[in-house]
Every structure is written in C-alpha cells, then in structure tokens.
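> Below you will find the structure I want to go over with you.
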Amino acid sequence: MCVENTPPPSGRLTRRGVLAGAAALAGTSAVLAGAAPAASASSGARHGSPGRGGDLVVEGGRLLDPLTGEVTEDAVVVIVGGVVRAAGPRSRLGTRTPSGVPVLRAHGQWILPGLVDAHIHLNTAAEARDAVLKGATSARSGSTNFYQDVAVRELARQAPERAPRLRAAGIFVTPDLGDTILADPDLAPLARLREGVRSTEALRRVVEVNLARGADTIKTRVNERAGLPEQDPLVQVYDHEQLSTIVAAARRGGKGVLCHSYSEKGCHDAVTAGIRSLEHGAFVGERTLREMRRRGTYFTPTLTAIAGLAESSDPVLAERGRTYLPVLERAVLAAHELGVPLAAGTDSSGGTVDPIGREVELMHAAGLPALDAIRTATTGAAKLLGFASTAGRLARGFAGDVLVVDGDPLADLGVLSRPAHVVRAGFSVPAV
C-alpha cells in the first residue's frame, strides 16, 4: 500500500503549532517566554528576532587557531553583540578593547573556539544546556522523535547561552516510525503501510513533512542499529534505489542527508546515492572511502558511541563494542590518510550528553595528529554543517563562542572534556 501522492499542507499554516508542541516536549516554552519579550501580532510571533549576543573580552591566554595551527601568546578576543570583532596579541589589540565590557581573564590557560558536535540527539532544554557546558557550542541533530530539535534550534536563536547553534534533522526516515507516527498528523496515512516506510511515495512523504516543519537536514539509515542487542547492524534496511529517493527528495528542498550505516555494502550504497555524510560506518572499506574523497562526502564515525557499547552491561552490546571499535579506528585512520573529510560527533542520546572533547581524544587515539583531531570538532565539522564562516575559529566576524581550558590541548586533548570556561555568543555560561 502507498500513501496518496499529494503534498503535505503548507509549513506556513502549521509550523507555529508544531514549534509550540515541540517546545513543550523539549521543555523550552517557559525558557523562551523569559528570554525575549512577547511579540505582538503585527510583528509576527512565529518568527521572533534572534536574541542579541553578549559583549565580552577574553584576555591573557594562549589562543589556538585550528585552521592554521598558529598559537598566539597573551591573546585578546573582543566579542561585541555575540560576534568576534578582533582577536590577536595584546600588543596589537590592547588599546582597541572597549571600555566597560566584562572581562574573562585566561592567564595561564588556552583559548579555543567552541567545539562542534556533528551528531547529537537533543530532546530537552536541559540536554541542550548540558551540551554547551561540555563544550559543544554548535551542533547537528541526529534526529528526534517529535521535532524537539527544531524547538531547540529556536531556543538557541532566542537565548544562545542555553543551547548550541543547531542544524535540526527532524524525525528519522526509517522503515518503522513507531511512535514518531504521532509527530505530525501528515504522517498518519503511513500507519496503514504493511511494510512500513519503504515505497517511493512513503519515503518522499516523510522527507517532505520534515522539510515543511523546518528541518535543516534529513537523517536516514541503511543498516539496523548497533545499540539494540536484538538487531544486527550489518542487516541492510534500504537499498540504493530507496536511498537515492530520499536524497533526491531532500535535494529538492535544498537539504543534504546524513545516513546511519555500518556494513561496507550499506556504506557504499549510501555514498553512491549521494548522501552528505556517513554516520558510524564501522565496516566502510577502501573502495567506499575513495568514493567519499571523490565526492567530498564526510565521515562522522561517532567513536564515543561505539566505545560506549564496549562498557555496556549487556553482553551482546559489550562484545559488539569491543569488536567494532578497533575496526572503526582503522577506518578513521584510513579515511584521514586518504583525505576523506572527518567530523566529530558523540551520538549522545537518552538524556546523557557526552563531552565532544572525548570524541576528539578518540580521533587522536585512532591515529590522527592532535591538531587534525581538533579540526574534526572545529573547522571540519563547521564546514559540514554550513557554519564555515561562523564557527570553528576565533577570528573577526566569527561567532563569539569560546572554550577556555587548563592546559595545552595539543599536548593533552583531555583538557577539551574539562573546560574551565565556556562562552556562547559572548555570554559566559555558568556551570550551575
């Protein structure tokens, strides 16, 4: 059975209600109400003006530019309205710092741009804030069940200190939607499909509903899940033709696709179907990696998630993690050596937010030099998310997102998981 080939209702008619519902699920309604003045009917309550960023001067530490690898001693970073207005040595900027602006002193510490988590599941306001506190000032959603990530993205725009700058993925394009069928009434016709979301019409419908609800990217899968002991991650659930249908539907809306994957055949089918980034990809082979390099397809290995399986109390998952992790580490190193672009992502979910700094450590453990590992969570991930001129560096015109750490990250990447201070859009984010 197929759904009728009719377009979903206009996003203009329904998006306000969906955002309100998602905000309630994410626990953001009260936060948004207190973060910005209520908009009048004439000003358009659906799209309030983004919250203005803060003013701050960070001074005295060593500033690392991930793009060049340059380290600036006794640095000063000037943030006005949430945007970097100047960054460099005090000897050049000392007389240009604005008066009356709060100062964060970083003497004896290192200053880096806020990190980017390219694969995270944020379902609540508390999780969003925790991600920021742990260093992720920008992120890409790996999907949510009821469009909570769309609401979190709006929270980040209105009150940037409470959530990372976010690319929302909406709901998962997967054969069995489960309770996600309730995320939007336009999905209801899919409930009668005996074989789930597999037909061309059904695949297009889920993508179209996501786009109508404001998704920035589309998330799908080619293999079953590694984190469920009853599933086999090497079993393929969508073929090349189905993946191509998803990619084409997303492209019609100007969006890319991230694809959950494990098996080599699944990875190859996904890459040749035109996905933007390959997620997990433990068994990706050299043939596919070379195709990824040719196409500019990103690899987001989520080493943190796979390493976490090895610590599971479930013996099936623990064995799976122990088996998959070294295979994935080899794939990451091979990708790096071939020139495949890499992005750091924790795949945090279920109410627990892992520090993105841990993923950087695991990239290094897989064989990447420290600076290249840092780039996977700064300039590399920022480019994947379309934030190349916004995030990943502290230079004029970039976002005022700052990480201050107690040590040299080039010598000890562990300091990235224990930030001394986090600044989001010019606001120092308190730990309480």
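Quick note on naming: the chains in the structure tokens go A, B, ... in the order shown, residues restart at 1 in each chain, and ligands are numbered from 1 in order of appearance.
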Looking only at the backbone, which of the residues in region 131-215 of chain A does DSSP tag as alpha helix (DSSP H), as a PyMOL selection string?
chain A and resi 131-133+148-158+200-212
> Output N, CA and C atoms for every residue in the selection just made, as a PDB file, in the first residue's frame.

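Below is the file that was written, part-v7.pdb:
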```
ATOM      1  N   ALA A 131      25.015  20.239  26.754  1.00  0.00           N
ATOM      2  CA  ALA A 131      25.923  20.153  25.613  1.00  0.00           C
ATOM      3  C   ALA A 131      26.828  21.385  25.554  1.00  0.00           C
ATOM      4  N   VAL A 132      26.244  22.563  25.791  1.00  0.00           N
ATOM      5  CA  VAL A 132      27.042  23.794  25.793  1.00  0.00           C
ATOM      6  C   VAL A 132      28.063  23.758  26.919  1.00  0.00           C
ATOM      7  N   LEU A 133      27.624  23.388  28.110  1.00  0.00           N
ATOM      8  CA  LEU A 133      28.538  23.340  29.256  1.00  0.00           C
ATOM      9  C   LEU A 133      29.706  22.394  29.012  1.00  0.00           C
ATOM     10  N   GLN A 148      11.637  17.894  18.594  1.00  0.00           N
ATOM     11  CA  GLN A 148      12.211  18.681  19.675  1.00  0.00           C
ATOM     12  C   GLN A 148      13.438  19.463  19.210  1.00  0.00           C
ATOM     13  N   ASP A 149      14.182  18.907  18.246  1.00  0.00           N
ATOM     14  CA  ASP A 149      15.391  19.606  17.809  1.00  0.00           C
ATOM     15  C   ASP A 149      15.066  20.909  17.084  1.00  0.00           C
ATOM     16  N   VAL A 150      13.915  20.959  16.409  1.00  0.00           N
ATOM     17  CA  VAL A 150      13.511  22.213  15.774  1.00  0.00           C
ATOM     18  C   VAL A 150      13.280  23.279  16.849  1.00  0.00           C
ATOM     19  N   ALA A 151      12.666  22.867  17.954  1.00  0.00           N
ATOM     20  CA  ALA A 151      12.439  23.807  19.056  1.00  0.00           C
ATOM     21  C   ALA A 151      13.752  24.205  19.725  1.00  0.00           C
ATOM     22  N   VAL A 152      14.666  23.263  19.878  1.00  0.00           N
ATOM     23  CA  VAL A 152      15.969  23.581  20.473  1.00  0.00           C
ATOM     24  C   VAL A 152      16.719  24.576  19.588  1.00  0.00           C
ATOM     25  N   ARG A 153      16.620  24.410  18.281  1.00  0.00           N
ATOM     26  CA  ARG A 153      17.256  25.371  17.376  1.00  0.00           C
ATOM     27  C   ARG A 153      16.704  26.783  17.593  1.00  0.00           C
ATOM     28  N   GLU A 154      15.387  26.873  17.785  1.00  0.00           N
ATOM     29  CA  GLU A 154      14.792  28.182  18.019  1.00  0.00           C
ATOM     30  C   GLU A 154      15.199  28.736  19.386  1.00  0.00           C
ATOM     31  N   LEU A 155      15.315  27.856  20.373  1.00  0.00           N
ATOM     32  CA  LEU A 155      15.803  28.276  21.685  1.00  0.00           C
ATOM     33  C   LEU A 155      17.196  28.881  21.563  1.00  0.00           C
ATOM     34  N   ALA A 156      18.057  28.225  20.770  1.00  0.00           N
ATOM     35  CA  ALA A 156      19.425  28.711  20.587  1.00  0.00           C
ATOM     36  C   ALA A 156      19.451  30.089  19.937  1.00  0.00           C
ATOM     37  N   ARG A 157      18.490  30.363  19.087  1.00  0.00           N
ATOM     38  CA  ARG A 157      18.442  31.669  18.427  1.00  0.00           C
ATOM     39  C   ARG A 157      17.958  32.761  19.378  1.00  0.00           C
ATOM     40  N   GLN A 158      17.035  32.421  20.262  1.00  0.00           N
ATOM     41  CA  GLN A 158      16.471  33.410  21.172  1.00  0.00           C
ATOM     42  C   GLN A 158      17.322  33.600  22.422  1.00  0.00           C
ATOM     43  N   THR A 200       8.410   4.501  -2.732  1.00  0.00           N
ATOM     44  CA  THR A 200       8.868   5.820  -3.165  1.00  0.00           C
ATOM     45  C   THR A 200       7.995   6.918  -2.581  1.00  0.00           C
ATOM     46  N   GLU A 201       6.687   6.717  -2.634  1.00  0.00           N
ATOM     47  CA  GLU A 201       5.754   7.737  -2.128  1.00  0.00           C
ATOM     48  C   GLU A 201       5.916   7.957  -0.630  1.00  0.00           C
ATOM     49  N   ALA A 202       6.068   6.862   0.111  1.00  0.00           N
ATOM     50  CA  ALA A 202       6.199   6.983   1.566  1.00  0.00           C
ATOM     51  C   ALA A 202       7.509   7.661   1.958  1.00  0.00           C
ATOM     52  N   LEU A 203       8.590   7.299   1.285  1.00  0.00           N
ATOM     53  CA  LEU A 203       9.888   7.912   1.581  1.00  0.00           C
ATOM     54  C   LEU A 203       9.845   9.410   1.301  1.00  0.00           C
ATOM     55  N   ARG A 204       9.259   9.773   0.161  1.00  0.00           N
ATOM     56  CA  ARG A 204       9.147  11.191  -0.165  1.00  0.00           C
ATOM     57  C   ARG A 204       8.286  11.925   0.853  1.00  0.00           C
ATOM     58  N   ARG A 205       7.207  11.269   1.289  1.00  0.00           N
ATOM     59  CA  ARG A 205       6.299  11.930   2.225  1.00  0.00           C
ATOM     60  C   ARG A 205       7.008  12.297   3.522  1.00  0.00           C
ATOM     61  N   VAL A 206       7.782  11.364   4.088  1.00  0.00           N
ATOM     62  CA  VAL A 206       8.461  11.664   5.352  1.00  0.00           C
ATOM     63  C   VAL A 206       9.461  12.805   5.160  1.00  0.00           C
ATOM     64  N   VAL A 207      10.198  12.793   4.047  1.00  0.00           N
ATOM     65  CA  VAL A 207      11.131  13.889   3.784  1.00  0.00           C
ATOM     66  C   VAL A 207      10.371  15.208   3.638  1.00  0.00           C
ATOM     67  N   GLU A 208       9.270  15.201   2.904  1.00  0.00           N
ATOM     68  CA  GLU A 208       8.501  16.428   2.676  1.00  0.00           C
ATOM     69  C   GLU A 208       7.927  16.992   3.972  1.00  0.00           C
ATOM     70  N   VAL A 209       7.445  16.111   4.849  1.00  0.00           N
ATOM     71  CA  VAL A 209       6.922  16.578   6.130  1.00  0.00           C
ATOM     72  C   VAL A 209       8.051  17.208   6.947  1.00  0.00           C
ATOM     73  N   ASN A 210       9.217  16.562   6.955  1.00  0.00           N
ATOM     74  CA  ASN A 210      10.368  17.144   7.655  1.00  0.00           C
ATOM     75  C   ASN A 210      10.704  18.537   7.124  1.00  0.00           C
ATOM     76  N   LEU A 211      10.733  18.668   5.826  1.00  0.00           N
ATOM     77  CA  LEU A 211      11.078  19.959   5.238  1.00  0.00           C
ATOM     78  C   LEU A 211      10.025  21.014   5.558  1.00  0.00           C
ATOM     79  N   ALA A 212       8.748  20.598   5.517  1.00  0.00           N
ATOM     80  CA  ALA A 212       7.674  21.541   5.838  1.00  0.00           C
ATOM     81  C   ALA A 212       7.745  21.999   7.290  1.00  0.00           C
TER      82      ALA A 212
END
```
> If you run DSSP on this backbone, which residues of region 234-303 of chain A come out as strand (DSSP E or B), and could you give them as a VMD selection string?
chain A and resid 236 257 to 261 277 to 280 298 to 300
> Quick one: which region 275-313 of chain A residues come within 10 Å of region 354-372 of chain A, and what is the nearest atom pair for each with the distance in Å to one decimal, counting only C-alpha atoms, rows ordered by chain and ascending number, as JSON lines?

```
{"residue": "A:Pro301", "atom": "CA", "partner": "A:Met363", "partner_atom": "CA", "distance": 9.1}
{"residue": "A:Thr302", "atom": "CA", "partner": "A:Glu359", "partner_atom": "CA", "distance": 7.2}
{"residue": "A:Leu303", "atom": "CA", "partner": "A:Glu359", "partner_atom": "CA", "distance": 6.3}
{"residue": "A:Thr304", "atom": "CA", "partner": "A:Glu359", "partner_atom": "CA", "distance": 5.5}
{"residue": "A:Ala305", "atom": "CA", "partner": "A:Asp354", "partner_atom": "CA", "distance": 9.0}
{"residue": "A:Ala307", "atom": "CA", "partner": "A:Leu362", "partner_atom": "CA", "distance": 8.9}
```
> Report as a ChimeraX atom specification all protein, DNA and RNA residues lying within 12 Å of Ile246 (chain A), evaluated on only C-alpha atoms, omitting residues in the same chain fewer than 2 positions from it.
/A:172-174,197-208,210,217-222,238-244,248-253,255-259,270,273-276
> From the set A:Leu413, A:Val77, A:Ala183, A:Val404, which residue has the shortest atom-to-atom contact distance to Ile111 (chain A), counting only C-alpha atoms?
A:Val404
> I'd like to know which of A:Val78, A:Val116, A:Ala168, A:Val237 is closest to Thr376 (chain A), using only C-alpha atoms.
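Nearest candidate to Thr376 (chain A) out of A:Val78, A:Val116, A:Ala168, A:Val237: A:Val116.
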